[in-house]
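Heads up, the thing below is written out as structure tokens.
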Amino acid sequence: MQDHLKEDLEWLAANVDYVVPEYTSQECTVCDHVDPENRNGKTFKCTRCGHKEDADINAAKNIEKRFFDAELRDCHEVFLESQFAPTKGPGTAPAKGSPEPSGVTNNHEA
């Protein structure tokens with residue numbers, strides 16, 4: 001599904017950028033506290049500050065926050081470069097600047 005969406009967006013001349021989604025459904029958008037107990041099905045309620053909202057909305061806000069966090073994006077880029085560093089012998093690594101594994105940017109100018 002993710003590859004199909006990426007192909008469709010690239011066909012529309014949009015760039016695809018990825019955000020590490022782990023723990024976004026357990027992280028509070030208000031105080032950044034991460035706890036598996038924060039999420040109970042469709043309901044999110046922070047065990048630290050008491051913030052409450054739909055769990056999917058909370059996770060989406062965390063993904064958006066991560067997407068626009070320049071320091072976090074830089075750390076992620078460094079991590080990916082270390083994981084895909086060229087190796088000796090046969091085999092290839094993704095080219096520098098290749099898309100990483102969930103956010104989307106659009107290059108269309110208004």
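Residue numbers start at 1 in each chain; chains themselves are named A, B, ... in the order of the structure tokens; ligands are numbered from 1 in the order shown.
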
Point to revise | Surrounding residues of range 25-31 of chain A excluding itself and chain neighbours under 3 positions, 12 Å, only C-alpha atoms, as number ranges by chain | key: A: 20-22, 34-66

How would the residues just chosen look if you wrote them out with N, CA and C atoms as a short mmCIF file (atom, residue, chain, number, x, y, z; two decimals), in the first residue's frame?
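Here's the written file again_7.cif:
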data_model
loop_
_atom_site.label_atom_id
_atom_site.label_comp_id
_atom_site.auth_asym_id
_atom_site.auth_seq_id
_atom_site.Cartn_x
_atom_site.Cartn_y
_atom_site.Cartn_z
N VAL A 20 9.22 8.32 11.03
CA VAL A 20 9.22 7.10 11.83
C VAL A 20 7.95 7.12 12.68
N PRO A 21 7.04 6.15 12.45
CA PRO A 21 5.75 6.21 13.14
C PRO A 21 5.71 5.52 14.51
N GLU A 22 6.77 4.84 14.89
CA GLU A 22 6.75 4.07 16.14
C GLU A 22 6.37 4.96 17.32
N VAL A 34 5.24 9.07 26.75
CA VAL A 34 4.96 7.84 26.01
C VAL A 34 4.68 6.73 27.01
N ASP A 35 3.51 6.09 26.84
CA ASP A 35 3.10 5.01 27.73
C ASP A 35 2.08 4.15 26.99
N PRO A 36 2.29 2.84 26.93
CA PRO A 36 1.30 1.97 26.27
C PRO A 36 -0.09 2.11 26.88
N GLU A 37 -0.16 2.49 28.15
CA GLU A 37 -1.45 2.66 28.83
C GLU A 37 -2.19 3.92 28.36
N ASN A 38 -1.50 4.82 27.65
CA ASN A 38 -2.14 6.03 27.15
C ASN A 38 -3.24 5.72 26.14
N ARG A 39 -3.08 4.62 25.41
CA ARG A 39 -4.06 4.29 24.37
C ARG A 39 -4.87 3.08 24.78
N ASN A 40 -6.19 3.25 24.66
CA ASN A 40 -7.12 2.17 24.94
C ASN A 40 -8.11 2.12 23.78
N GLY A 41 -7.78 1.32 22.76
CA GLY A 41 -8.64 1.25 21.57
C GLY A 41 -8.65 2.58 20.83
N LYS A 42 -9.83 3.16 20.66
CA LYS A 42 -9.98 4.42 19.91
C LYS A 42 -9.80 5.65 20.80
N THR A 43 -9.56 5.44 22.09
CA THR A 43 -9.44 6.55 23.03
C THR A 43 -8.00 6.71 23.50
N PHE A 44 -7.54 7.95 23.48
CA PHE A 44 -6.22 8.29 24.01
C PHE A 44 -6.44 9.12 25.27
N LYS A 45 -5.83 8.71 26.38
CA LYS A 45 -5.85 9.50 27.61
C LYS A 45 -4.49 9.37 28.26
N CYS A 46 -3.78 10.50 28.34
CA CYS A 46 -2.42 10.52 28.88
C CYS A 46 -2.43 10.19 30.37
N THR A 47 -1.56 9.25 30.74
CA THR A 47 -1.45 8.86 32.15
C THR A 47 -0.69 9.90 32.97
N ARG A 48 -0.03 10.85 32.30
CA ARG A 48 0.71 11.89 33.02
C ARG A 48 -0.13 13.16 33.17
N CYS A 49 -0.58 13.74 32.06
CA CYS A 49 -1.25 15.05 32.13
C CYS A 49 -2.77 14.98 31.99
N GLY A 50 -3.31 13.81 31.60
CA GLY A 50 -4.76 13.65 31.49
C GLY A 50 -5.34 14.09 30.17
N HIS A 51 -4.50 14.54 29.22
CA HIS A 51 -5.01 14.93 27.89
C HIS A 51 -5.80 13.78 27.29
N LYS A 52 -6.97 14.09 26.71
CA LYS A 52 -7.83 13.06 26.15
C LYS A 52 -8.33 13.48 24.77
N GLU A 53 -8.24 12.55 23.80
CA GLU A 53 -8.80 12.78 22.47
C GLU A 53 -8.82 11.46 21.71
N ASP A 54 -9.38 11.48 20.52
CA ASP A 54 -9.41 10.29 19.67
C ASP A 54 -7.97 9.82 19.44
N ALA A 55 -7.73 8.53 19.59
CA ALA A 55 -6.37 7.98 19.51
C ALA A 55 -5.76 8.19 18.12
N ASP A 56 -6.54 8.06 17.06
CA ASP A 56 -6.00 8.24 15.72
C ASP A 56 -5.64 9.71 15.45
N ILE A 57 -6.45 10.63 15.97
CA ILE A 57 -6.14 12.06 15.82
C ILE A 57 -4.86 12.39 16.57
N ASN A 58 -4.73 11.88 17.78
CA ASN A 58 -3.51 12.10 18.57
C ASN A 58 -2.28 11.59 17.82
N ALA A 59 -2.36 10.38 17.26
CA ALA A 59 -1.22 9.80 16.53
C ALA A 59 -0.90 10.63 15.29
N ALA A 60 -1.93 11.08 14.57
CA ALA A 60 -1.71 11.90 13.38
C ALA A 60 -1.02 13.21 13.73
N LYS A 61 -1.39 13.82 14.85
CA LYS A 61 -0.73 15.05 15.29
C LYS A 61 0.74 14.79 15.61
N ASN A 62 1.03 13.64 16.19
CA ASN A 62 2.43 13.30 16.50
C ASN A 62 3.23 13.08 15.23
N ILE A 63 2.63 12.45 14.23
CA ILE A 63 3.32 12.26 12.94
C ILE A 63 3.61 13.62 12.31
N GLU A 64 2.61 14.51 12.34
CA GLU A 64 2.82 15.86 11.80
C GLU A 64 3.93 16.58 12.56
N LYS A 65 3.93 16.48 13.88
CA LYS A 65 4.95 17.14 14.69
C LYS A 65 6.34 16.60 14.33
N ARG A 66 6.45 15.29 14.17
CA ARG A 66 7.74 14.70 13.81
C ARG A 66 8.19 15.14 12.43
#

Review point. For Phe68 in chain A, which residue among A:Val19, A:His33, A:Leu80, A:Glu10 is the nearest when counting only C-alpha atoms?
Key: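 For Phe68 in chain A, the nearest of the candidates is A:Val19.
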
Point to revise | Atom-to-atom span, CA of Gln83 in chain A and CA of Tyr18 in chain A, Å | key: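 Value for the CA of Gln83 in chain A-CA of Tyr18 in chain A distance: 15.7 Å.
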
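Taking CA of Lys6 in chain A and CA of Thr24 in chain A as endpoints, the distance between them is 21.2 Å.
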
Check your understanding: Would you give me, as a PyMOL selection string, the residues in range 10-95 of chain A that DSSP reads as alpha helix (DSSP H)?
Key -> chain A and resi 10-11+55-67+70-83

Restricted to N, CA and C atoms, what would the selected residues look like written as a PDB file, in the first residue's frame?
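Result file follows (out_31.pdb):
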ATOM      1  N   GLU A  10       4.346  10.304  -6.798  1.00  0.00           N
ATOM      2  CA  GLU A  10       5.447  10.671  -7.690  1.00  0.00           C
ATOM      3  C   GLU A  10       4.948  10.916  -9.103  1.00  0.00           C
ATOM      4  N   TRP A  11       3.927  10.173  -9.520  1.00  0.00           N
ATOM      5  CA  TRP A  11       3.327  10.385 -10.844  1.00  0.00           C
ATOM      6  C   TRP A  11       2.707  11.780 -10.909  1.00  0.00           C
ATOM      7  N   ALA A  55      -7.734   8.530  19.592  1.00  0.00           N
ATOM      8  CA  ALA A  55      -6.375   7.984  19.509  1.00  0.00           C
ATOM      9  C   ALA A  55      -5.762   8.190  18.123  1.00  0.00           C
ATOM     10  N   ASP A  56      -6.542   8.058  17.061  1.00  0.00           N
ATOM     11  CA  ASP A  56      -5.999   8.243  15.720  1.00  0.00           C
ATOM     12  C   ASP A  56      -5.642   9.707  15.454  1.00  0.00           C
ATOM     13  N   ILE A  57      -6.449  10.633  15.966  1.00  0.00           N
ATOM     14  CA  ILE A  57      -6.145  12.062  15.822  1.00  0.00           C
ATOM     15  C   ILE A  57      -4.858  12.393  16.571  1.00  0.00           C
ATOM     16  N   ASN A  58      -4.727  11.877  17.784  1.00  0.00           N
ATOM     17  CA  ASN A  58      -3.509  12.102  18.570  1.00  0.00           C
ATOM     18  C   ASN A  58      -2.275  11.589  17.818  1.00  0.00           C
ATOM     19  N   ALA A  59      -2.364  10.378  17.260  1.00  0.00           N
ATOM     20  CA  ALA A  59      -1.224   9.803  16.527  1.00  0.00           C
ATOM     21  C   ALA A  59      -0.901  10.629  15.290  1.00  0.00           C
ATOM     22  N   ALA A  60      -1.933  11.082  14.574  1.00  0.00           N
ATOM     23  CA  ALA A  60      -1.711  11.901  13.375  1.00  0.00           C
ATOM     24  C   ALA A  60      -1.016  13.206  13.728  1.00  0.00           C
ATOM     25  N   LYS A  61      -1.392  13.816  14.848  1.00  0.00           N
ATOM     26  CA  LYS A  61      -0.729  15.052  15.286  1.00  0.00           C
ATOM     27  C   LYS A  61       0.742  14.794  15.613  1.00  0.00           C
ATOM     28  N   ASN A  62       1.030  13.637  16.194  1.00  0.00           N
ATOM     29  CA  ASN A  62       2.426  13.300  16.498  1.00  0.00           C
ATOM     30  C   ASN A  62       3.230  13.082  15.225  1.00  0.00           C
ATOM     31  N   ILE A  63       2.632  12.447  14.228  1.00  0.00           N
ATOM     32  CA  ILE A  63       3.321  12.264  12.944  1.00  0.00           C
ATOM     33  C   ILE A  63       3.608  13.620  12.313  1.00  0.00           C
ATOM     34  N   GLU A  64       2.613  14.512  12.343  1.00  0.00           N
ATOM     35  CA  GLU A  64       2.816  15.859  11.801  1.00  0.00           C
ATOM     36  C   GLU A  64       3.934  16.582  12.556  1.00  0.00           C
ATOM     37  N   LYS A  65       3.926  16.477  13.878  1.00  0.00           N
ATOM     38  CA  LYS A  65       4.954  17.136  14.691  1.00  0.00           C
ATOM     39  C   LYS A  65       6.343  16.598  14.333  1.00  0.00           C
ATOM     40  N   ARG A  66       6.453  15.295  14.175  1.00  0.00           N
ATOM     41  CA  ARG A  66       7.745  14.703  13.808  1.00  0.00           C
ATOM     42  C   ARG A  66       8.186  15.143  12.426  1.00  0.00           C
ATOM     43  N   PHE A  67       7.245  15.264  11.505  1.00  0.00           N
ATOM     44  CA  PHE A  67       7.574  15.659  10.140  1.00  0.00           C
ATOM     45  C   PHE A  67       8.214  17.048  10.108  1.00  0.00           C
ATOM     46  N   ALA A  70      12.856  19.586  12.603  1.00  0.00           N
ATOM     47  CA  ALA A  70      14.096  19.528  11.818  1.00  0.00           C
ATOM     48  C   ALA A  70      15.175  18.712  12.509  1.00  0.00           C
ATOM     49  N   GLU A  71      15.324  18.860  13.820  1.00  0.00           N
ATOM     50  CA  GLU A  71      16.361  18.121  14.541  1.00  0.00           C
ATOM     51  C   GLU A  71      16.103  16.616  14.467  1.00  0.00           C
ATOM     52  N   LEU A  72      14.855  16.213  14.647  1.00  0.00           N
ATOM     53  CA  LEU A  72      14.507  14.798  14.564  1.00  0.00           C
ATOM     54  C   LEU A  72      14.724  14.253  13.154  1.00  0.00           C
ATOM     55  N   ARG A  73      14.365  15.035  12.136  1.00  0.00           N
ATOM     56  CA  ARG A  73      14.568  14.605  10.749  1.00  0.00           C
ATOM     57  C   ARG A  73      16.058  14.447  10.451  1.00  0.00           C
ATOM     58  N   ASP A  74      16.889  15.359  10.969  1.00  0.00           N
ATOM     59  CA  ASP A  74      18.334  15.253  10.760  1.00  0.00           C
ATOM     60  C   ASP A  74      18.886  13.986  11.408  1.00  0.00           C
ATOM     61  N   CYS A  75      18.432  13.680  12.628  1.00  0.00           N
ATOM     62  CA  CYS A  75      18.883  12.460  13.312  1.00  0.00           C
ATOM     63  C   CYS A  75      18.467  11.223  12.522  1.00  0.00           C
ATOM     64  N   HIS A  76      17.257  11.234  11.996  1.00  0.00           N
ATOM     65  CA  HIS A  76      16.756  10.106  11.216  1.00  0.00           C
ATOM     66  C   HIS A  76      17.592   9.926   9.952  1.00  0.00           C
ATOM     67  N   GLU A  77      17.945  11.036   9.305  1.00  0.00           N
ATOM     68  CA  GLU A  77      18.752  10.965   8.085  1.00  0.00           C
ATOM     69  C   GLU A  77      20.138  10.380   8.381  1.00  0.00           C
ATOM     70  N   VAL A  78      20.755  10.814   9.462  1.00  0.00           N
ATOM     71  CA  VAL A  78      22.067  10.283   9.857  1.00  0.00           C
ATOM     72  C   VAL A  78      21.960   8.789  10.143  1.00  0.00           C
ATOM     73  N   PHE A  79      20.899   8.384  10.850  1.00  0.00           N
ATOM     74  CA  PHE A  79      20.682   6.971  11.141  1.00  0.00           C
ATOM     75  C   PHE A  79      20.555   6.169   9.843  1.00  0.00           C
ATOM     76  N   LEU A  80      19.752   6.654   8.908  1.00  0.00           N
ATOM     77  CA  LEU A  80      19.561   5.919   7.657  1.00  0.00           C
ATOM     78  C   LEU A  80      20.854   5.818   6.861  1.00  0.00           C
ATOM     79  N   GLU A  81      21.622   6.894   6.845  1.00  0.00           N
ATOM     80  CA  GLU A  81      22.897   6.857   6.131  1.00  0.00           C
ATOM     81  C   GLU A  81      23.827   5.823   6.751  1.00  0.00           C
ATOM     82  N   SER A  82      23.794   5.682   8.060  1.00  0.00           N
ATOM     83  CA  SER A  82      24.665   4.694   8.706  1.00  0.00           C
ATOM     84  C   SER A  82      24.181   3.271   8.423  1.00  0.00           C
ATOM     85  N   GLN A  83      22.883   3.088   8.254  1.00  0.00           N
ATOM     86  CA  GLN A  83      22.324   1.767   7.982  1.00  0.00           C
ATOM     87  C   GLN A  83      22.572   1.329   6.545  1.00  0.00           C
TER      88      GLN A  83
END
